[in-house]
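For reference, input.cif is printed below; it contains mmCIF, C-alpha atoms.
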data_coords
loop_
_atom_site.group_PDB
_atom_site.id
_atom_site.type_symbol
_atom_site.label_atom_id
_atom_site.label_comp_id
_atom_site.auth_asym_id
_atom_site.auth_seq_id
_atom_site.Cartn_x
_atom_site.Cartn_y
_atom_site.Cartn_z
ATOM 1 C CA MET A 1051 -13.881 -4.123 10.379
ATOM 2 C CA ALA A 1052 -10.411 -3.665 11.768
ATOM 3 C CA THR A 1053 -9.372 -0.345 13.179
ATOM 4 C CA HIS A 1054 -6.062 1.366 12.733
ATOM 5 C CA ALA A 1055 -4.639 1.629 16.259
ATOM 6 C CA SER A 1056 -1.064 2.573 15.354
ATOM 7 C CA SER A 1057 1.431 2.412 12.554
ATOM 8 C CA THR A 1058 3.091 -0.618 14.137
ATOM 9 C CA VAL A 1059 -0.070 -2.723 14.309
ATOM 10 C CA HIS A 1060 -1.523 -4.368 11.217
ATOM 11 C CA GLY A 1061 -5.020 -2.922 11.541
ATOM 12 C CA PHE A 1062 -6.029 -2.739 7.896
ATOM 13 C CA PRO A 1063 -6.240 -5.916 5.803
ATOM 14 C CA TRP A 1064 -3.704 -4.651 3.263
ATOM 15 C CA GLU A 1065 -0.952 -3.593 5.681
ATOM 16 C CA ARG A 1066 0.947 -6.872 5.724
ATOM 17 C CA VAL A 1067 1.515 -6.983 1.948
ATOM 18 C CA TYR A 1068 2.290 -3.250 1.939
ATOM 19 C CA GLY A 1069 4.807 -3.723 4.750
ATOM 20 C CA ALA A 1070 6.487 -6.550 2.863
ATOM 21 C CA ALA A 1071 6.915 -4.290 -0.163
ATOM 22 C CA THR A 1072 8.253 -1.317 1.758
ATOM 23 C CA LEU A 1073 10.695 -3.391 3.787
ATOM 24 C CA GLU A 1074 12.017 -5.586 0.958
ATOM 25 C CA THR A 1075 15.800 -5.230 0.762
ATOM 26 C CA ASN A 1076 16.380 -7.419 -2.280
ATOM 27 C CA ASN A 1077 16.093 -5.268 -5.422
ATOM 28 C CA ALA A 1078 15.391 -8.406 -7.452
ATOM 29 C CA LYS A 1079 12.187 -8.952 -5.450
ATOM 30 C CA VAL A 1080 11.057 -5.392 -4.762
ATOM 31 C CA GLU A 1081 9.143 -4.982 -8.057
ATOM 32 C CA GLU A 1082 7.187 -8.191 -7.433
ATOM 33 C CA ARG A 1083 6.311 -7.114 -3.901
ATOM 34 C CA ILE A 1084 5.290 -3.632 -5.053
ATOM 35 C CA ARG A 1085 3.001 -5.093 -7.727
ATOM 36 C CA ALA A 1086 1.372 -7.403 -5.190
ATOM 37 C CA ALA A 1087 0.870 -4.535 -2.757
ATOM 38 C CA GLU A 1088 -0.536 -2.231 -5.450
ATOM 39 C CA GLY A 1089 -3.033 -4.883 -6.505
ATOM 40 C CA THR A 1090 -4.160 -5.431 -2.934
ATOM 41 C CA LEU A 1091 -4.390 -1.688 -2.261
ATOM 42 C CA MET A 1092 -6.381 -0.984 -5.422
ATOM 43 C CA ALA A 1093 -8.785 -3.847 -4.742
ATOM 44 C CA ARG A 1094 -9.401 -2.522 -1.234
ATOM 45 C CA LEU A 1095 -9.829 1.027 -2.525
ATOM 46 C CA ILE A 1096 -12.522 -0.193 -4.915
ATOM 47 C CA GLU A 1097 -14.283 -1.963 -2.016
ATOM 48 C CA LEU A 1098 -14.284 1.238 0.031
ATOM 49 C CA LYS A 1099 -15.317 3.622 -2.737
ATOM 50 C CA GLY A 1100 -18.245 5.767 -1.716
ATOM 51 C CA LEU A 1101 -18.292 4.669 1.932
ATOM 52 C CA ARG A 1102 -17.749 7.917 3.817
ATOM 53 C CA GLN A 1103 -17.054 6.222 7.162
ATOM 54 C CA ASN A 1104 -13.927 4.687 5.611
ATOM 55 C CA GLU A 1105 -12.229 7.974 4.706
ATOM 56 C CA PRO A 1106 -9.290 7.425 7.111
ATOM 57 C CA GLU A 1107 -8.495 4.090 5.479
ATOM 58 C CA ILE A 1108 -8.955 5.544 2.007
ATOM 59 C CA ARG A 1109 -6.444 8.299 2.817
ATOM 60 C CA ALA A 1110 -4.042 5.690 4.226
ATOM 61 C CA ILE A 1111 -4.317 3.647 1.027
ATOM 62 C CA GLU A 1112 -3.708 6.710 -1.139
ATOM 63 C CA ASN A 1113 -0.612 7.529 0.929
ATOM 64 C CA ALA A 1114 0.581 3.915 0.700
ATOM 65 C CA ILE A 1115 0.244 3.918 -3.096
ATOM 66 C CA GLY A 1116 2.261 7.130 -3.264
ATOM 67 C CA THR A 1117 4.941 5.582 -1.071
ATOM 68 C CA LEU A 1118 5.150 2.512 -3.314
ATOM 69 C CA TRP A 1119 5.554 4.708 -6.390
ATOM 70 C CA THR A 1120 8.347 6.599 -4.643
ATOM 71 C CA ILE A 1121 10.082 3.354 -3.672
ATOM 72 C CA ARG A 1122 9.813 2.080 -7.247
ATOM 73 C CA TRP A 1123 11.259 5.335 -8.605
ATOM 74 C CA LYS A 1124 14.135 5.547 -6.109
ATOM 75 C CA ARG A 1125 15.049 1.859 -6.011
ATOM 76 C CA LEU A 1126 14.382 0.851 -9.599
ATOM 77 C CA GLY A 1127 14.680 4.160 -11.446
ATOM 78 C CA ARG A 1128 11.287 4.063 -13.103
ATOM 79 C CA ALA A 1129 7.676 5.055 -12.576
ATOM 80 C CA ALA A 1130 4.720 2.717 -12.314
#

Rewritten as structure tokens:
Amino acid sequence: MATHASSTVHGFPWERVYGAATLETNNAKVEERIRAAEGTLMARLIELKGLRQNEPEIRAIENAIGTLWTIRWKRLGRAA
């Protein structure tokens, strides 16, 4: 399993798709990227459910989902 060394290193398997969503500058594409990231994050969260040793990653995923919702609200003017 990958470890999370820093916020600039893609340590978790979902970080690349999450990064693409958070850094997208084209409003026409941001919704698509957010949906892809949310799907990846939720799938990973389901994989990790109940595995106590993965609590740091679970917290990171929860924070990432919250960030995506905020981006959607601020950039597109609507909730998930």

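The spacing separating atom CA of Thr1075 of chain A from atom CA of Leu1091 of chain A amounts to 20.7 Å.
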
Note to self: Neighbouring residues of Thr1120 of chain A were defined as those with any atom within 12 Å, considering all atoms listed in the file; residues of the same chain fewer than 4 positions away were excluded. Please report them as a list in words.
What the structure shows: Ala1071, Thr1072, Ile1084, Asn1113, Ala1114, Ile1115, Gly1116, Lys1124, Arg1125, Leu1126, Gly1127, Arg1128, Ala1129 and Ala1130 of chain A

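When the PyMOL selection byres ((chain A and resi 1105-1108) around 10) is run on the displayed coordinates, the residues it returns are Thr1053, His1054, Gly1061, Phe1062, Leu1091, Arg1094, Leu1095, Ile1096, Leu1098, Lys1099, Gly1100, Leu1101, Arg1102, Gln1103, Asn1104, Arg1109, Ala1110, Ile1111, Glu1112, Asn1113 and Ala1114 of chain A.
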
Check: Could you list as a PyMOL selection string every residue that has an atom within 8 Å of (14.8, -2.9, -7.3), using the file's coordinates and counting only C-alpha atoms?
Finding: chain A and resi 1076-1081+1122+1125-1126

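In this model, the gap between atom CA of Tyr1068 of chain A and atom CA of Glu1097 of chain A comes to 17.1 Å.
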